[in-house]
Every structure is written in structure tokens, then in C-alpha cells.
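**Student:** Structure file upload-v4.txt (compact mmCIF, C-alpha atoms and all ligand atoms) is given on the next line.
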```
# COMPACT_ATOMS: atom_id res chain seq x y z
CA HIS A 1 -20.00 -0.59 -22.80
CA ALA A 2 -18.12 0.35 -19.64
CA ALA A 3 -19.05 3.95 -20.32
CA ASP A 4 -22.76 3.10 -20.52
CA ALA A 5 -22.56 0.91 -17.43
CA HIS A 6 -20.85 3.81 -15.71
CA ARG A 7 -23.78 6.04 -16.62
CA THR A 8 -26.53 3.72 -15.45
CA ASP A 9 -25.25 0.87 -13.27
CA LEU A 10 -22.82 2.68 -10.96
CA MET A 11 -20.51 0.15 -9.29
CA THR A 12 -19.05 2.41 -6.61
CA VAL A 13 -16.48 1.23 -4.07
CA THR A 14 -19.16 1.54 -1.37
CA ARG A 15 -21.54 -0.75 -3.28
CA TYR A 16 -18.65 -3.13 -3.96
CA VAL A 17 -17.78 -3.34 -0.26
CA LEU A 18 -21.46 -3.89 0.62
CA ASN A 19 -21.54 -6.75 -1.90
CA GLU A 20 -18.44 -8.16 -0.23
CA GLN A 21 -20.10 -7.79 3.18
CA SER A 22 -23.05 -9.89 1.97
CA ARG A 23 -20.56 -12.76 1.58
CA HIS A 24 -20.27 -12.68 5.41
CA PRO A 25 -23.83 -13.09 6.74
CA GLU A 26 -22.58 -12.62 10.29
CA ALA A 27 -21.15 -9.21 9.42
CA ARG A 28 -22.88 -6.27 11.06
CA GLY A 29 -21.53 -3.66 8.66
CA ASP A 30 -18.62 -2.56 10.86
CA PHE A 31 -16.08 -3.39 8.15
CA THR A 32 -18.12 -1.51 5.57
CA ILE A 33 -18.29 1.52 7.84
CA LEU A 34 -14.53 1.34 8.45
CA LEU A 35 -13.73 1.16 4.74
CA SER A 36 -16.08 4.06 3.98
CA HIS A 37 -14.02 6.19 6.40
CA ILE A 38 -10.78 5.12 4.70
CA VAL A 39 -12.33 6.08 1.36
CA LEU A 40 -13.32 9.46 2.83
CA GLY A 41 -9.70 10.03 3.85
CA CYS A 42 -8.52 9.18 0.34
CA LYS A 43 -10.99 11.64 -1.22
CA PHE A 44 -9.74 14.40 1.09
CA VAL A 45 -6.08 13.72 0.38
CA CYS A 46 -6.81 13.62 -3.35
CA THR A 47 -8.23 17.14 -3.28
CA ALA A 48 -5.51 18.41 -0.93
CA VAL A 49 -2.71 16.97 -3.09
CA ASN A 50 -4.17 18.50 -6.24
CA LYS A 51 -4.73 21.88 -4.58
CA ALA A 52 -1.29 21.84 -2.91
CA GLY A 53 0.39 21.17 -6.23
CA LEU A 54 -1.33 24.16 -7.79
CA ALA A 55 -1.14 26.33 -4.67
CA LYS A 56 2.60 25.72 -4.38
CA LEU A 57 3.12 26.51 -8.06
CA ILE A 58 1.24 29.80 -7.98
CA GLY A 59 2.63 30.70 -4.57
CA LEU A 60 -0.72 30.56 -2.73
CA ALA A 61 0.82 28.22 -0.19
CA GLY A 62 3.45 30.66 1.09
CA GLU A 63 4.17 30.24 4.75
CA THR A 64 0.65 30.90 6.05
CA ASN A 65 -2.82 30.42 4.60
CA VAL A 66 -5.65 32.99 4.52
CA GLN A 67 -6.44 32.34 8.21
CA GLY A 68 -2.82 33.19 8.91
CA GLU A 69 -2.27 29.58 10.03
CA GLU A 70 1.08 27.94 9.43
CA GLN A 71 0.62 25.99 6.14
CA LYS A 72 0.78 22.34 7.22
CA LYS A 73 3.02 19.96 5.30
CA LEU A 74 0.79 17.77 3.16
CA ASP A 75 1.86 14.52 4.77
CA VAL A 76 1.16 15.92 8.26
CA LEU A 77 -2.25 17.17 7.09
CA SER A 78 -3.05 13.85 5.41
CA ASN A 79 -2.10 11.98 8.56
CA GLU A 80 -4.35 14.12 10.73
CA VAL A 81 -7.26 13.55 8.35
CA PHE A 82 -6.82 9.78 8.36
CA VAL A 83 -6.39 9.54 12.13
CA LYS A 84 -9.51 11.66 12.73
CA ALA A 85 -11.55 9.77 10.11
CA LEU A 86 -10.52 6.38 11.54
CA VAL A 87 -11.08 7.36 15.19
CA SER A 88 -14.47 8.94 14.43
CA SER A 89 -15.55 5.77 12.56
CA GLY A 90 -15.88 4.14 16.00
CA ARG A 91 -14.56 0.88 14.44
CA THR A 92 -10.87 1.07 15.30
CA CYS A 93 -8.81 0.38 18.42
CA ILE A 94 -5.14 0.75 17.35
CA LEU A 95 -3.72 2.90 14.54
CA VAL A 96 -0.14 2.77 13.23
CA SER A 97 0.91 5.59 10.93
CA GLU A 98 4.23 6.21 9.21
CA GLU A 99 3.90 9.77 10.49
CA ASP A 100 3.55 8.87 14.19
CA GLU A 101 6.43 7.44 16.23
CA GLU A 102 3.99 5.75 18.65
CA ALA A 103 0.85 3.74 17.86
CA THR A 104 -2.48 5.50 18.58
CA PHE A 105 -4.71 3.67 21.10
CA VAL A 106 -8.22 4.94 20.42
CA ASP A 107 -10.27 6.35 23.34
CA PRO A 108 -11.93 3.27 24.93
CA ARG A 109 -15.37 4.87 24.46
CA LEU A 110 -14.82 4.99 20.69
CA ARG A 111 -13.09 1.64 20.18
CA GLY A 112 -13.97 -0.92 17.50
CA LYS A 113 -12.39 -4.26 16.67
CA TYR A 114 -10.15 -3.18 13.77
CA CYS A 115 -6.51 -2.05 13.66
CA VAL A 116 -5.44 0.09 10.71
CA VAL A 117 -1.81 0.48 9.61
CA PHE A 118 -1.15 3.17 7.03
CA ASP A 119 1.25 5.50 5.30
CA PRO A 120 -0.94 8.56 4.69
CA LEU A 121 1.22 10.02 1.94
CA ASP A 122 3.98 7.72 0.75
CA GLY A 123 6.54 9.27 -1.56
CA SER A 124 5.59 12.80 -0.54
CA SER A 125 9.12 14.00 -1.43
CA ASN A 126 7.92 13.65 -5.05
CA ILE A 127 5.07 16.19 -4.76
CA ASP A 128 7.05 19.18 -6.04
CA CYS A 129 7.86 17.49 -9.34
CA GLY A 130 4.33 16.15 -9.88
CA VAL A 131 5.22 12.46 -9.62
CA SER A 132 2.31 10.28 -8.43
CA ILE A 133 2.24 9.60 -4.68
CA GLY A 134 -0.17 7.61 -2.58
CA THR A 135 -1.80 6.37 0.60
CA ILE A 136 -1.13 2.75 1.58
CA PHE A 137 -3.25 0.93 4.20
CA GLY A 138 -3.87 -2.46 5.78
CA VAL A 139 -6.62 -3.69 8.16
CA TYR A 140 -6.34 -6.30 10.94
CA MET A 141 -9.04 -7.49 13.34
CA VAL A 142 -8.57 -7.83 17.11
CA ASP A 143 -10.70 -10.62 18.53
CA LYS A 144 -10.53 -9.87 22.26
CA ASP A 145 -11.79 -7.59 25.04
CA LEU A 146 -11.05 -4.12 23.67
CA ASP A 147 -10.11 -2.91 27.15
CA LYS A 148 -7.20 -5.33 27.19
CA ILE A 149 -5.50 -4.51 23.88
CA SER A 150 -1.76 -3.97 23.59
CA LEU A 151 0.80 -3.26 20.90
CA ASP A 152 1.13 -7.02 20.26
CA ASP A 153 -2.39 -6.97 18.80
CA VAL A 154 -1.17 -4.91 15.84
CA LEU A 155 2.16 -6.78 15.44
CA GLN A 156 0.47 -9.52 13.40
CA PRO A 157 1.84 -11.26 10.28
CA GLY A 158 0.58 -9.79 7.01
CA LYS A 159 -1.34 -12.99 6.24
CA ASN A 160 -3.79 -12.00 9.01
CA MET A 161 -4.85 -8.84 7.18
CA LEU A 162 -8.55 -8.65 6.30
CA ALA A 163 -8.04 -5.91 3.72
CA ALA A 164 -5.29 -3.86 2.11
CA GLY A 165 -5.04 -1.24 -0.55
CA TYR A 166 -3.56 1.97 -1.86
CA CYS A 167 -4.86 5.17 -3.34
CA MET A 168 -2.64 6.72 -6.01
CA TYR A 169 -2.82 10.49 -6.51
CA GLY A 170 -1.70 11.11 -10.08
CA SER A 171 -3.35 12.25 -13.30
CA SER A 172 -6.42 10.53 -11.84
CA CYS A 173 -7.15 9.25 -8.32
CA THR A 174 -7.08 5.45 -8.35
CA LEU A 175 -8.04 3.27 -5.38
CA VAL A 176 -6.86 -0.35 -5.57
CA ILE A 177 -8.23 -2.58 -2.82
CA SER A 178 -8.61 -6.20 -1.76
CA THR A 179 -10.81 -7.60 1.00
CA GLY A 180 -9.39 -11.08 0.50
CA ASN A 181 -11.45 -11.97 -2.57
CA GLY A 182 -9.31 -10.64 -5.44
CA VAL A 183 -8.19 -7.12 -6.30
CA ASN A 184 -10.33 -4.33 -7.78
CA GLY A 185 -9.44 -0.83 -8.97
CA PHE A 186 -11.68 2.23 -8.71
CA THR A 187 -11.19 5.68 -10.22
CA LEU A 188 -12.53 8.81 -8.56
CA ASP A 189 -15.14 10.60 -10.64
CA PRO A 190 -14.74 14.12 -9.26
CA SER A 191 -18.13 15.18 -10.65
CA LEU A 192 -19.81 12.47 -8.54
CA GLY A 193 -17.29 12.39 -5.69
CA GLU A 194 -17.49 8.59 -6.02
CA PHE A 195 -14.90 5.93 -6.76
CA ILE A 196 -16.20 3.99 -9.81
CA LEU A 197 -15.06 0.44 -10.66
CA THR A 198 -12.65 0.76 -13.60
CA HIS A 199 -10.29 -2.20 -13.10
CA PRO A 200 -12.40 -5.26 -12.13
CA ASP A 201 -10.62 -8.37 -10.83
CA ILE A 202 -7.00 -7.30 -11.50
CA LYS A 203 -4.62 -10.23 -12.18
CA ILE A 204 -0.87 -9.61 -12.52
CA PRO A 205 0.73 -11.24 -15.61
CA LYS A 206 2.63 -14.43 -14.67
CA LYS A 207 5.84 -13.07 -16.23
CA GLY A 208 6.99 -9.54 -16.92
CA LYS A 209 9.49 -7.59 -19.03
CA ILE A 210 10.13 -4.84 -16.45
CA TYR A 211 12.31 -4.76 -13.36
CA SER A 212 12.04 -1.87 -10.91
CA VAL A 213 14.89 -1.14 -8.48
CA ASN A 214 17.14 1.75 -7.47
CA GLU A 215 20.29 0.76 -9.39
CA GLY A 216 22.15 3.44 -7.45
CA ASN A 217 22.40 0.98 -4.55
CA ALA A 218 24.00 -1.74 -6.74
CA LYS A 219 27.44 -1.61 -5.13
CA ASN A 220 25.88 -2.56 -1.75
CA TRP A 221 23.63 -5.43 -2.91
CA ASP A 222 24.10 -9.01 -1.74
CA GLY A 223 24.92 -11.86 -4.16
CA PRO A 224 21.44 -13.13 -5.11
CA THR A 225 20.09 -9.61 -5.77
CA ALA A 226 23.15 -8.69 -7.84
CA LYS A 227 22.84 -11.96 -9.79
CA TYR A 228 19.13 -11.42 -10.45
CA VAL A 229 19.58 -7.86 -11.73
CA GLU A 230 22.52 -9.03 -13.87
CA LYS A 231 20.19 -11.65 -15.44
CA CYS A 232 17.61 -8.92 -16.15
CA LYS A 233 20.22 -6.91 -18.07
CA PHE A 234 22.25 -9.74 -19.64
CA PRO A 235 19.90 -12.74 -19.98
CA THR A 236 21.77 -15.99 -20.66
CA ASP A 237 18.74 -17.89 -22.02
CA GLY A 238 18.56 -15.97 -25.30
CA SER A 239 15.61 -13.83 -24.12
CA SER A 240 15.75 -10.06 -24.54
CA PRO A 241 16.87 -7.86 -21.62
CA LYS A 242 14.18 -6.49 -19.32
CA SER A 243 13.40 -2.76 -19.23
CA LEU A 244 14.20 -0.78 -16.09
CA ARG A 245 11.36 1.42 -14.83
CA TYR A 246 11.89 3.11 -11.43
CA ILE A 247 9.68 6.04 -10.41
CA GLY A 248 10.88 6.17 -6.81
CA SER A 249 7.33 6.34 -5.47
CA MET A 250 6.28 2.90 -4.21
CA VAL A 251 2.59 3.27 -5.01
CA ALA A 252 3.37 4.25 -8.64
CA ASP A 253 6.00 1.51 -9.12
CA VAL A 254 3.74 -1.15 -7.57
CA HIS A 255 0.67 -0.01 -9.55
CA ARG A 256 2.59 -0.31 -12.84
CA THR A 257 3.94 -3.72 -11.78
CA LEU A 258 0.42 -4.92 -10.88
CA LEU A 259 -1.04 -3.85 -14.25
CA TYR A 260 1.88 -4.58 -16.63
CA GLY A 261 3.69 -7.38 -14.77
CA GLY A 262 7.38 -7.52 -13.84
CA ILE A 263 9.08 -7.19 -10.48
CA PHE A 264 9.60 -4.45 -7.89
CA LEU A 265 12.61 -4.80 -5.60
CA TYR A 266 13.79 -2.89 -2.56
CA PRO A 267 16.58 -5.25 -1.46
CA ALA A 268 18.72 -5.24 1.64
CA ASP A 269 22.11 -3.68 1.18
CA LYS A 270 25.27 -3.32 3.28
CA LYS A 271 24.13 0.10 4.56
CA SER A 272 20.52 -1.00 5.28
CA PRO A 273 20.48 -4.73 6.11
CA ASN A 274 16.66 -4.62 6.34
CA GLY A 275 16.20 -2.53 3.22
CA LYS A 276 14.19 0.69 3.43
CA LEU A 277 10.48 -0.13 3.18
CA ARG A 278 8.34 -0.55 6.30
CA VAL A 279 6.74 -3.91 7.03
CA LEU A 280 3.33 -2.96 8.44
CA TYR A 281 2.18 -0.20 6.09
CA GLU A 282 4.26 -0.65 2.91
CA VAL A 283 5.47 -4.27 2.56
CA PHE A 284 2.41 -6.08 3.96
CA PRO A 285 -0.36 -4.21 2.08
CA MET A 286 1.49 -4.40 -1.27
CA SER A 287 2.36 -8.08 -0.69
CA PHE A 288 -1.29 -8.84 0.20
CA LEU A 289 -2.45 -7.22 -3.05
CA MET A 290 0.19 -9.02 -5.13
CA GLU A 291 -0.83 -12.46 -3.77
CA GLN A 292 -4.53 -11.63 -4.25
CA ALA A 293 -3.72 -10.71 -7.88
CA GLY A 294 -1.88 -14.01 -8.48
CA GLY A 295 1.65 -12.70 -7.87
CA GLN A 296 4.12 -13.26 -5.01
CA ALA A 297 6.05 -11.30 -2.39
CA PHE A 298 9.33 -12.49 -0.82
CA THR A 299 11.68 -10.91 1.74
CA GLY A 300 14.84 -12.72 0.68
CA LYS A 301 14.27 -15.16 3.55
CA GLU A 302 10.52 -15.99 3.58
CA ARG A 303 7.08 -15.27 2.14
CA ALA A 304 6.58 -11.62 3.04
CA LEU A 305 3.12 -12.18 4.57
CA ASP A 306 4.53 -14.81 6.97
CA LEU A 307 6.89 -12.31 8.61
CA ILE A 308 5.94 -11.54 12.24
CA PRO A 309 6.91 -7.92 13.02
CA THR A 310 8.33 -7.04 16.45
CA LYS A 311 8.39 -3.23 16.01
CA ILE A 312 5.71 -1.05 14.40
CA HIS A 313 8.18 0.79 12.09
CA GLN A 314 10.33 -2.26 11.33
CA ARG A 315 11.77 -2.49 7.80
CA SER A 316 12.20 -5.51 5.49
CA PRO A 317 13.75 -6.18 2.10
CA ILE A 318 11.00 -6.91 -0.45
CA PHE A 319 10.79 -8.57 -3.88
CA LEU A 320 7.23 -8.53 -5.24
CA GLY A 321 5.44 -8.91 -8.57
CA SER A 322 4.85 -11.53 -11.27
CA TYR A 323 4.76 -15.08 -9.93
CA ASP A 324 7.55 -16.42 -12.18
CA GLU A 325 9.86 -13.44 -11.60
CA VAL A 326 9.71 -13.82 -7.80
CA GLU A 327 10.29 -17.58 -8.23
CA GLU A 328 13.64 -16.71 -9.87
CA ILE A 329 14.68 -14.54 -6.93
CA LYS A 330 13.63 -17.26 -4.47
CA ALA A 331 15.76 -19.82 -6.35
CA LEU A 332 18.81 -17.54 -6.21
CA TYR A 333 18.43 -17.00 -2.45
CA ALA A 334 17.83 -20.73 -1.89
CA ALA A 335 21.01 -21.55 -3.88
CA GLU A 336 22.96 -19.16 -1.65
CA GLN A 337 21.74 -21.06 1.45
CA LYS A 338 23.22 -24.37 0.15
P1 LIG A 401 14.91 5.31 -2.86
C1 LIG A 401 9.55 7.14 -1.11
O1 LIG A 401 10.39 7.95 -0.34
C2 LIG A 401 9.74 5.69 -0.64
O2 LIG A 401 9.38 5.56 0.70
C3 LIG A 401 8.91 4.76 -1.51
O3 LIG A 401 7.72 5.35 -1.94
C4 LIG A 401 9.85 4.46 -2.65
O4 LIG A 401 9.61 3.19 -3.24
C5 LIG A 401 11.21 4.46 -1.97
O5 LIG A 401 11.09 5.29 -0.81
C6 LIG A 401 12.29 5.03 -2.87
O6 LIG A 401 13.52 4.93 -2.14
O7 LIG A 401 15.96 4.94 -1.84
O8 LIG A 401 15.02 4.47 -4.11
O9 LIG A 401 14.84 6.78 -3.17
```
Hey, can you dump this file as C-alpha cells for me?
Ligand code: P6P
**Tutor:**
Amino acid sequence: HAADAHRTDLMTVTRYVLNEQSRHPEARGDFTILLSHIVLGCKFVCTAVNKAGLAKLIGLAGETNVQGEEQKKLDVLSNEVFVKALVSSGRTCILVSEEDEEATFVDPRLRGKYCVVFDPLDGSSNIDCGVSIGTIFGVYMVDKDLDKISLDDVLQPGKNMLAAGYCMYGSSCTLVISTGNGVNGFTLDPSLGEFILTHPDIKIPKKGKIYSVNEGNAKNWDGPTAKYVEKCKFPTDGSSPKSLRYIGSMVADVHRTLLYGGIFLYPADKKSPNGKLRVLYEVFPMSFLMEQAGGQAFTGKERALDLIPTKIHQRSPIFLGSYDEVEEIKALYAAEQK
């Protein structure tokens, strides 16, 4: 019984990562230490998000807290926590956050060989209505003299990532992570303060009955996207129409797609030729997870993980999800090229 196993054989995310580390005999535990600091950040944000929700509702938040300090916006607070946790881990050298215009180059005395790209609180505009939001992160390694690092060392294609994941703050706190050997989901047990394995070896269904896109942008879509969505609504092969599910919070939409199958799209449109989602800390981590779970991720031009970013906040269109669904999109874009 999972419940029994939970009681006696606790597979925590820390133990899972240690097991993963044992697959790399040369590893000295740096990666494990880094991930434990990311997990710490997620635990903090989980409590802050839950408190903020309640505090805001019962007016505790107000403009200042009991110390008379200006109540920080949750995404600013979350960012500070992640930056401090990652710097203090002593395992990072460059950090890229959605919240910071410039990359953070860690103090040379505290540098480690990993770069972390992250969105500390994606979808934070949804907090007030209680919709699930989340942290998204990806990890690269820099294999050079840490005194000679530059921005180019974090502008790597997504396929170079060593790990990626998200933590979804909803009715429960769910951490979904891959270190390159499949995808596993952990749920925070608040009584233990530990993430317990609840979704071992997640595989996305090969096909899906759900498409997830903001239909409000339909008038600006390009041909292949418009054709694909049309096929979802008016299938010509006798199959039944797909259901539309769009939460408007990437972590929630991607989590549902990963577990139930289907496709998530944030296409380019005439107003935003590169779409809206950011390459380093939204597109790459979610694409990494999808491929690790047996799905695909495509930009409209290429495999998402092959894209080589030139700017840290660069955007890209993205189509990700069930293998067969993304194949259909790829065929429509290929046909347009002919
Ligand atoms: P739109 C949230 O603001 C976000 O960054 C993602 O979490 C989400 O997928 C997307 O934007 C929603 O964008 O334009 O559909 O509201």
C-alpha cells in the first residue's frame, strides 16, 4: 500500500536525489546539496503562498506587517528567498530569475559549478483568486574556471540541462522533477516538512483529448496554429472534438497535460512574434520534463531543447505535450514550409 510505504519506507525527494547521485560515482554531492537548497526554497514559498492567501483575505497583509515593514509582493519575496538559498548553497555561479533584469554573478568566494534559471512565482497574478501558481527551475553545469565565467555560460540550449522541475502551490504542494532519468512527483507532507514520492516515474499518455491555449489570441495566430486548433474543435477523421482546458497558469496547465495527456500551446501571434513564454526558465524546464516523460516540445521551427538562447529573458512560441499531438503540429508547420 502506498499509504503503508509512506508510513514506514519514506521515499523523500532528498533520498531520491541521493539515489540518483549514486548513479554518478564521480559525484561529490554538490548536485544533491544544490537540489536540497532548491527544495528549501519551494518549502518556504509554499508556506508564504498559503499564508499570503489567508492574510490577504482576512486583511492581515494590509500595507505593512507587524514590524511595520512594507509588505513585500509575494513574487519579490519568493525571488529573494531563492536567490539567497542558491547563493548560500555555495554550488552556484550564475543565477537567472524572471524577477531580475540582469543575471546574478555569485560572489567568487561562494561560487560553485552550477547555473540555475528560475521563475520564482510564475502566474502570480492568479494568487488573489486562488488559482494554483508555481516555481519553475532548470540547472546547467559550467565546466570551466569559475573566475572566467560570462553570460554565455548560461545561454546554453535546453538539452544541456542536468535537471529541471516545477513546484505547484495549489490544494497541495507538488514538486515534479527530473535529473535526466525520468520524471518523479513528490507531495509536501506538512506534518513532516518533507516532500514524499507520490507520482513515481510519470509518463505522459501518447495521445490526449485536451488542448490548452488562450483562444482569445485566435485572430492573431499563424496558419499552422489556426489549422491545428480548428482540427481540435472540428476533427475531420470522425474522432470526437478535444476539450479545451486553459487555467492561465503555466505550471497548472503543464501539470494537467503531463498527468492527463493532451497539448499545451503558447503560439506566436502577430502582436508577439516570439509568443509570451520565456525560453530559459519556462520553455526549457517544461520541455525537458515533457521529453523525459515521453512527450515532445516544439517551437514551431525546431525541437525546443535545441534552441540556443541569445538573451536571458528571450521568449519563444511553444507547443508541448503528448508525443502524437506535437507530431501533428510539426506536420502542419512542415507543410507550411513546402
Ligand atoms: P495569457 C502567467 O502570467 C503566464 O506567465 C503563464 O503562467 C501562463 O501560461 C501565461 O502567462 C498565460 O498568458 O496571455 O494566456 O494570459
**Student:** 6 Å from ligand LIG 401 (chain A) is the threshold here; counting all atoms listed in the file, which polymer residues fall inside it? Answer as a PyMOL selection string.
**Tutor:** chain A and resi 122-123+214+248-250
**Student:** Report, in Å with one decimal, the straight-line distance from CA of Phe195 in chain A to CA of Gly182 in chain A.
**Tutor:**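 Computing it gives 17.5 Å between the two atoms.
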**Student:** Using only C-alpha atoms, pick whichever of A:Ala304, A:Ser89, A:Thr299, A:Asp201 has the shortest atom-to-atom distance to Asn160 in chain A.
**Tutor:** A:Ala304
**Student:** Excluding Pro108 in chain A and residues on its chain fewer than 3 positions from it, collect all residues at most 9 Å away from it, counting all atoms listed in the file, and give them as a list in words.
**Tutor:**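 Within the cut-off, the hits are Cys93, Phe105, Arg111, Gly112, Leu146 and Asp147 of chain A.
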**Student:** For Ile329 in chain A, find every residue with an atom within 8 Å (counting only C-alpha atoms), except residues of its own chain fewer than 6 positions away, and show them as a list in words.
**Tutor:**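 Here the answer would be Pro224, Thr225, Tyr228, Gly300 and Phe319 of chain A.
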**Student:** Would you compute the distance between CA of Lys51 in chain A and CA of Ile136 in chain A? Give it in Å to one decimal.
**Tutor:**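 Here the two named atoms are 20.4 Å from each other.
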**Student:** With a distance cut-off of 6 Å and only C-alpha atoms, select the neighbouring residues of Val116 in chain A, excluding the residue or stretch itself and same-chain residues fewer than 5 positions from it, and output the selection as number ranges by chain.
**Tutor:** A: 95, 138-139
**Student:** Of the candidates A:Lys43, A:Lys209, A:Lys311, A:Lys203, which one gets nearest to Ser178 in chain A if we count all atoms listed in the file?
**Tutor:** A:Lys203
**Student:** Which distance in Å separates CA of Ile133 in chain A and CA of Gly294 in chain A, to one decimal?
**Tutor:**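 Between CA of Ile133 in chain A and CA of Gly294 in chain A the gap is 24.3 Å.
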**Student:** Go through A:Gln156, A:Ser78, A:Asn274, A:Asn19 and flag the residue nearest Cys115 in chain A, using all atoms listed in the file for the distances.
**Tutor:**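 Checking each of A:Gln156, A:Ser78, A:Asn274, A:Asn19 against Cys115 in chain A, counting all atoms listed in the file, the winner is A:Gln156.
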**Student:** Set the distance at 9 Å and use only C-alpha atoms: which residues neighbour Val154 in chain A once local chain neighbours fewer than 6 positions away are removed? I'd like the list as a count of residues only.
**Tutor:** 11
